[in-house]
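Peer 1: This structure is in structure tokens; I'll ask about it shortly.
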Amino acid sequence: MLAHASGDALPDITMIATGSEVQLALAAREKLEAQGVRARVVSLPSWNLFIAQPVEYREKVFPLEVPMLAIEAGVSLGWRPYIGSGIATIGVDRFGASAPEKFMREYGFSVET
């Protein structure tokens, strides 16, 4: 886990990011926490390494009763096995973007959206 939710209880939401999305997830966490939403951020740079971990560990990182939001600056394909019935995957399911700053802004990846 990269950033824990406030308090000792389970978080209200777990946000998952892998690379350039991590900074966005951390900023969104701060905003959510300020609004009273306990948010956790998990960096998941390797699906293969994560899935190789014991089930107990995976369930500790992603408790089944906590909604999950995957933030992906690429295609969202592939996230469903990891977030299960999580609330959503935010991604770009179309071709044609590069340059991270332009991409993030033009495709709506911001704390405000």
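Lettering and numbering for the structure tokens are positional, with chains as A, B, ... in the shown order, residues counted from 1 in each chain, and ligands counted from 1 in the shown order.
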Skipping near chain neighbours, those fewer than 6 positions away, what residues fall within 9 Å of segment 22-35 of chain A using only C-alpha atoms, listed as a list in words?

Peer 2: Leu2, Ala3, Ala5, Ser6, Met15, Ile16, Val41, Val42, Ser43, Ile71, Phe109, Ser110, Val111 and Glu112 of chain A

Peer 1: What does the distance from atom CA of Ile51 of chain A to atom CA of Glu72 of chain A come to in Å, to one decimal?

Peer 2: 18.3 Å

Peer 1: Figure out the distance between atom CA of Gly108 of chain A and atom CA of Leu64 of chain A, please, to one decimal in Å.

Peer 2: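 It comes out at 28.4 Å.
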
Peer 1: Considering only C-alpha atoms, can you say which of A:Gly36, A:Pro45, A:Val55, A:Pro67 comes closest to Ile13 of chain A?

Peer 2: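 Once distances to Ile13 of chain A are computed over only C-alpha atoms, the minimum belongs to A:Pro67.
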
Peer 1: Work out how far apart atom CA of Gly78 of chain A and atom CA of Ala9 of chain A are and give it in Å to one decimal.

Peer 2: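 Going from atom CA of Gly78 of chain A over to atom CA of Ala9 of chain A covers 29.4 Å.
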
Peer 1: Do a neighbour search on Lys60 of chain A at 12 Å with only C-alpha atoms, toss out local chain neighbours closer than 6 positions, and write the hits as a list in words.

Peer 2: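 So, after excluding close chain neighbours, the residues are Met1, Leu10, Pro11, Thr14, Val42, Phe50, Gln53, Pro54 and Val66 of chain A.
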
Peer 1: So which residues of segment 3-67 of chain A fall under alpha helix (DSSP H) by DSSP, listed as a ChimeraX atom specification?

Peer 2: /A:21-34,47-51,55-61

Peer 1: Would you output that residue set with C-alpha atoms, as an mmCIF file, in the first residue's frame?

Peer 2:
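The resulting file, part.cif, is shown below:
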```cif
data_model
loop_
_atom_site.group_PDB
_atom_site.id
_atom_site.type_symbol
_atom_site.label_atom_id
_atom_site.label_comp_id
_atom_site.auth_asym_id
_atom_site.auth_seq_id
_atom_site.Cartn_x
_atom_site.Cartn_y
_atom_site.Cartn_z
ATOM 1 C CA GLU A 21 -1.480 7.637 -12.359
ATOM 2 C CA VAL A 22 -0.083 7.252 -8.819
ATOM 3 C CA GLN A 23 0.430 10.986 -8.332
ATOM 4 C CA LEU A 24 -3.170 11.617 -9.408
ATOM 5 C CA ALA A 25 -4.482 8.938 -7.038
ATOM 6 C CA LEU A 26 -2.537 10.421 -4.116
ATOM 7 C CA ALA A 27 -3.916 13.899 -4.831
ATOM 8 C CA ALA A 28 -7.454 12.495 -5.125
ATOM 9 C CA ARG A 29 -6.953 10.684 -1.810
ATOM 10 C CA GLU A 30 -6.070 13.953 -0.077
ATOM 11 C CA LYS A 31 -9.181 15.616 -1.476
ATOM 12 C CA LEU A 32 -11.418 12.682 -0.491
ATOM 13 C CA GLU A 33 -9.959 12.521 3.018
ATOM 14 C CA ALA A 34 -10.657 16.264 3.433
ATOM 15 C CA TRP A 47 -0.128 -7.756 -11.872
ATOM 16 C CA ASN A 48 1.957 -10.936 -12.212
ATOM 17 C CA LEU A 49 3.880 -10.364 -8.974
ATOM 18 C CA PHE A 50 0.688 -9.476 -7.119
ATOM 19 C CA ILE A 51 -1.249 -12.529 -8.299
ATOM 20 C CA VAL A 55 -4.474 -15.186 -1.118
ATOM 21 C CA GLU A 56 -4.339 -13.880 2.458
ATOM 22 C CA TYR A 57 -1.985 -11.091 1.397
ATOM 23 C CA ARG A 58 -4.061 -10.170 -1.664
ATOM 24 C CA GLU A 59 -7.228 -9.994 0.456
ATOM 25 C CA LYS A 60 -5.451 -7.781 2.992
ATOM 26 C CA VAL A 61 -4.427 -5.363 0.235
#
```
